[in-house]
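Chemist: The structure that follows is given in the form of structure tokens.
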Amino acid sequence: MLPSLICSLLVPAPGYSEEMSLLNVSFRARVSGATVLGDQQPEEFEEYDLSANFGLPWMRYSSSGWGVSTRLMASAGIIRGGGERGLVFSLIPGIAWGSEDGRFSVDAGAGAALFSRYRFGTQDFGGPFQFALTAGAGFPLYKRLRLGYRFLHYSDAGINGPDTIGADFHMIEFSYWF
């Protein structure tokens, strides 16, 4: 049952494209420092970044216009904490549920991030490579503009030892949809 379900999701569906398409570009900023996953982070962080979401070819929508699709989120930004500043780049594949036109959606993904520095004050992320987990939701503001919330978690998952600590980001995002 499960293999046939997975295969049916990966078989080209109506609207299937062999190319990635740019769905939106966003500006994101951290609005809260509440920790959700893992240990309490010793430093308070800020992150500001630009992201782009690309539609991947696997999708399934019903005749009502609601369904599921796959995406790839790429971002680049600045992270600040503990009196230090660095760059962060991420690439996160994910899945989105919502309307086919992208106006309403909820998404989740897991991928990778690279930090230009990984020590910020007393907090040690362990290394430049981090796993990135994200979940978000958005709704339309005006025509092609959209407002959303995004949870973002960075962690090395202990690959650089037990003394590393990740960080959680509650972010607001403003998007322009193409």
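For the structure tokens, the naming scheme is as follows: chains receive sequential letters (A, B, ...) according to their order of presentation, residues are indexed from 1 within each chain, and ligands are indexed from 1 in presentation order.
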Please report, as a tab-separated table, each residue of range 35-63 of chain A lying at most 12 Å from range 87-93 of chain A, together with the nearest pair of atoms and the separation in Å rounded to one decimal; use only C-alpha atoms, and order rows by chain and ascending residue number.
Modeler:
residue	atom	partner	partner_atom	distance
A:Glu46	CA	A:Leu87	CA	11.6
A:Glu47	CA	A:Val88	CA	8.9
A:Tyr48	CA	A:Val88	CA	9.6
A:Asp49	CA	A:Val88	CA	8.4
A:Leu50	CA	A:Phe89	CA	9.8
A:Ser51	CA	A:Ser90	CA	9.0
A:Ala52	CA	A:Leu91	CA	9.8
A:Asn53	CA	A:Pro93	CA	9.4
A:Phe54	CA	A:Pro93	CA	9.3
A:Gly55	CA	A:Pro93	CA	9.9
A:Leu56	CA	A:Pro93	CA	9.0
A:Trp58	CA	A:Pro93	CA	11.9
Chemist: May I have the selected residues written with N, CA and C atoms, as a compact mmCIF listing (two decimals), in the first residue's frame?
Modeler:
# COMPACT_ATOMS: atom_id res chain seq x y z
N GLU A 46 19.63 37.29 16.08
CA GLU A 46 18.82 37.95 15.06
C GLU A 46 19.22 37.32 13.74
N GLU A 47 18.25 37.20 12.85
CA GLU A 47 18.57 36.77 11.49
C GLU A 47 17.70 37.55 10.53
N TYR A 48 18.32 38.02 9.47
CA TYR A 48 17.63 38.70 8.38
C TYR A 48 18.10 38.03 7.10
N ASP A 49 17.16 37.62 6.27
CA ASP A 49 17.60 36.98 5.04
C ASP A 49 16.61 37.19 3.91
N LEU A 50 17.08 36.83 2.74
CA LEU A 50 16.26 36.79 1.53
C LEU A 50 16.14 35.34 1.14
N SER A 51 14.95 34.94 0.74
CA SER A 51 14.77 33.56 0.32
C SER A 51 14.02 33.51 -1.00
N ALA A 52 14.18 32.41 -1.68
CA ALA A 52 13.45 32.15 -2.92
C ALA A 52 12.91 30.73 -2.83
N ASN A 53 11.65 30.56 -3.18
CA ASN A 53 11.02 29.25 -3.22
C ASN A 53 10.83 28.84 -4.67
N PHE A 54 11.28 27.63 -4.98
CA PHE A 54 11.15 27.07 -6.31
C PHE A 54 10.19 25.89 -6.26
N GLY A 55 9.27 25.84 -7.20
CA GLY A 55 8.38 24.70 -7.30
C GLY A 55 9.10 23.54 -7.95
N LEU A 56 9.06 22.38 -7.32
CA LEU A 56 9.63 21.17 -7.90
C LEU A 56 8.54 20.44 -8.69
N TRP A 58 7.02 17.58 -8.63
CA TRP A 58 6.07 16.62 -8.09
C TRP A 58 4.97 17.34 -7.33
Chemist: Which polymer residues have any atom within 8 Å of an atom of Ser175 in chain A, counting only C-alpha atoms, with same-chain residues fewer than 2 positions away left out, as a PyMOL selection string?
Modeler: chain A and resi 24-27+145-148+173+177
Chemist: Would you pick out the contacts of range 67-72 of chain A at 12 Å or less, using only C-alpha atoms, so that residues sharing its chain but fewer than 6 positions from it are not included, and give the list as a PyMOL selection string?
Modeler: chain A and resi 9-10+12-13+15-17+19-25+51-61+90-102+104-112+134
Chemist: Keeping only C-alpha atoms, write those residues as a PDB file, in the first residue's frame.
Modeler:
ATOM      1  CA  LEU A   9       2.848  10.861  -5.690  1.00  0.00           C
ATOM      2  CA  LEU A  10       5.987  10.747  -7.820  1.00  0.00           C
ATOM      3  CA  PRO A  12       3.819  12.942 -13.310  1.00  0.00           C
ATOM      4  CA  ALA A  13       0.449  14.518 -12.570  1.00  0.00           C
ATOM      5  CA  GLY A  15       0.526  20.243 -14.283  1.00  0.00           C
ATOM      6  CA  TYR A  16       3.758  18.251 -14.061  1.00  0.00           C
ATOM      7  CA  SER A  17       6.767  20.179 -15.269  1.00  0.00           C
ATOM      8  CA  GLU A  19      11.637  22.348 -14.785  1.00  0.00           C
ATOM      9  CA  MET A  20      11.792  24.125 -11.478  1.00  0.00           C
ATOM     10  CA  SER A  21       9.771  27.318 -11.419  1.00  0.00           C
ATOM     11  CA  LEU A  22      10.338  30.356  -9.225  1.00  0.00           C
ATOM     12  CA  LEU A  23       7.281  30.667  -6.977  1.00  0.00           C
ATOM     13  CA  ASN A  24       8.197  33.616  -4.755  1.00  0.00           C
ATOM     14  CA  VAL A  25      10.894  35.723  -3.162  1.00  0.00           C
ATOM     15  CA  SER A  51      14.773  33.561   0.320  1.00  0.00           C
ATOM     16  CA  ALA A  52      13.447  32.146  -2.917  1.00  0.00           C
ATOM     17  CA  ASN A  53      11.018  29.246  -3.223  1.00  0.00           C
ATOM     18  CA  PHE A  54      11.146  27.072  -6.313  1.00  0.00           C
ATOM     19  CA  GLY A  55       8.380  24.697  -7.301  1.00  0.00           C
ATOM     20  CA  LEU A  56       9.633  21.166  -7.899  1.00  0.00           C
ATOM     21  CA  PRO A  57       7.931  18.962 -10.473  1.00  0.00           C
ATOM     22  CA  TRP A  58       6.073  16.617  -8.089  1.00  0.00           C
ATOM     23  CA  MET A  59       2.577  17.780  -7.166  1.00  0.00           C
ATOM     24  CA  ARG A  60      -0.962  16.506  -6.770  1.00  0.00           C
ATOM     25  CA  TYR A  61      -4.023  18.790  -6.725  1.00  0.00           C
ATOM     26  CA  SER A  90      20.522  27.340   3.326  1.00  0.00           C
ATOM     27  CA  LEU A  91      18.952  24.917   0.878  1.00  0.00           C
ATOM     28  CA  ILE A  92      15.834  23.157   2.151  1.00  0.00           C
ATOM     29  CA  PRO A  93      13.572  20.826   0.158  1.00  0.00           C
ATOM     30  CA  GLY A  94      10.049  20.577   1.478  1.00  0.00           C
ATOM     31  CA  ILE A  95       6.421  19.766   0.974  1.00  0.00           C
ATOM     32  CA  ALA A  96       3.536  22.252   0.926  1.00  0.00           C
ATOM     33  CA  TRP A  97      -0.188  21.781   1.441  1.00  0.00           C
ATOM     34  CA  GLY A  98      -2.637  24.375   0.207  1.00  0.00           C
ATOM     35  CA  SER A  99      -4.211  26.038  -2.787  1.00  0.00           C
ATOM     36  CA  GLU A 100      -2.765  25.413  -6.226  1.00  0.00           C
ATOM     37  CA  ASP A 101      -2.310  29.157  -6.824  1.00  0.00           C
ATOM     38  CA  GLY A 102      -0.098  29.319  -3.692  1.00  0.00           C
ATOM     39  CA  PHE A 104      -2.791  29.809   1.123  1.00  0.00           C
ATOM     40  CA  SER A 105      -0.257  27.226   2.216  1.00  0.00           C
ATOM     41  CA  VAL A 106       1.383  25.385   5.075  1.00  0.00           C
ATOM     42  CA  ASP A 107       4.806  23.869   4.466  1.00  0.00           C
ATOM     43  CA  ALA A 108       7.554  21.899   6.166  1.00  0.00           C
ATOM     44  CA  GLY A 109      11.057  20.899   5.156  1.00  0.00           C
ATOM     45  CA  ALA A 110      14.456  19.655   6.228  1.00  0.00           C
ATOM     46  CA  GLY A 111      17.767  20.524   4.609  1.00  0.00           C
ATOM     47  CA  ALA A 112      21.189  22.019   5.170  1.00  0.00           C
ATOM     48  CA  THR A 134      11.519  24.645   8.943  1.00  0.00           C
TER      49      THR A 134
END
Chemist: Name all residues at most 12 Å from Arg80 in chain A (count only C-alpha atoms; drop same-chain ones fewer than 5 positions away) and give them as a PyMOL selection string.
Modeler: chain A and resi 29-30+43-49+85-88+115-121+123+167+169
Chemist: Kindly give the distance, in Å, that separates CA of Ala34 in chain A and CA of Asp168 in chain A, rounded to a single decimal.
Modeler: 7.3 Å
Chemist: DSSP says strand (DSSP E) for which residues of range 47-112 of chain A? Put them as JSON, numbers by chain?
Modeler: {"A": [47, 48, 49, 50, 51, 52, 53, 54, 55, 56, 57, 58, 59, 60, 61, 66, 67, 68, 69, 70, 71, 72, 73, 74, 75, 76, 77, 78, 79, 80, 81, 84, 85, 86, 87, 88, 89, 90, 91, 92, 93, 94, 95, 96, 97, 98, 99, 105, 106, 107, 108, 109, 110, 111, 112]}
Chemist: Please report the interatomic distance between CA of His170 in chain A and CA of Gly127 in chain A in Å with one decimal.
Modeler: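 Distance reported for this atom pair: 22.3 Å.
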Chemist: Between A:Ile79, A:Asp124, A:Pro42, A:Phe174, which has the minimum distance to Tyr142 in chain A (counting only C-alpha atoms)?
Modeler: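 When distances to Tyr142 in chain A are compared using only C-alpha atoms, the smallest one comes from A:Phe174.
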Chemist: For Phe151 in chain A, which of A:Gly77, A:Thr35, A:Ala113, A:Glu84 is the closest residue, counting only C-alpha atoms?
Modeler: A:Thr35
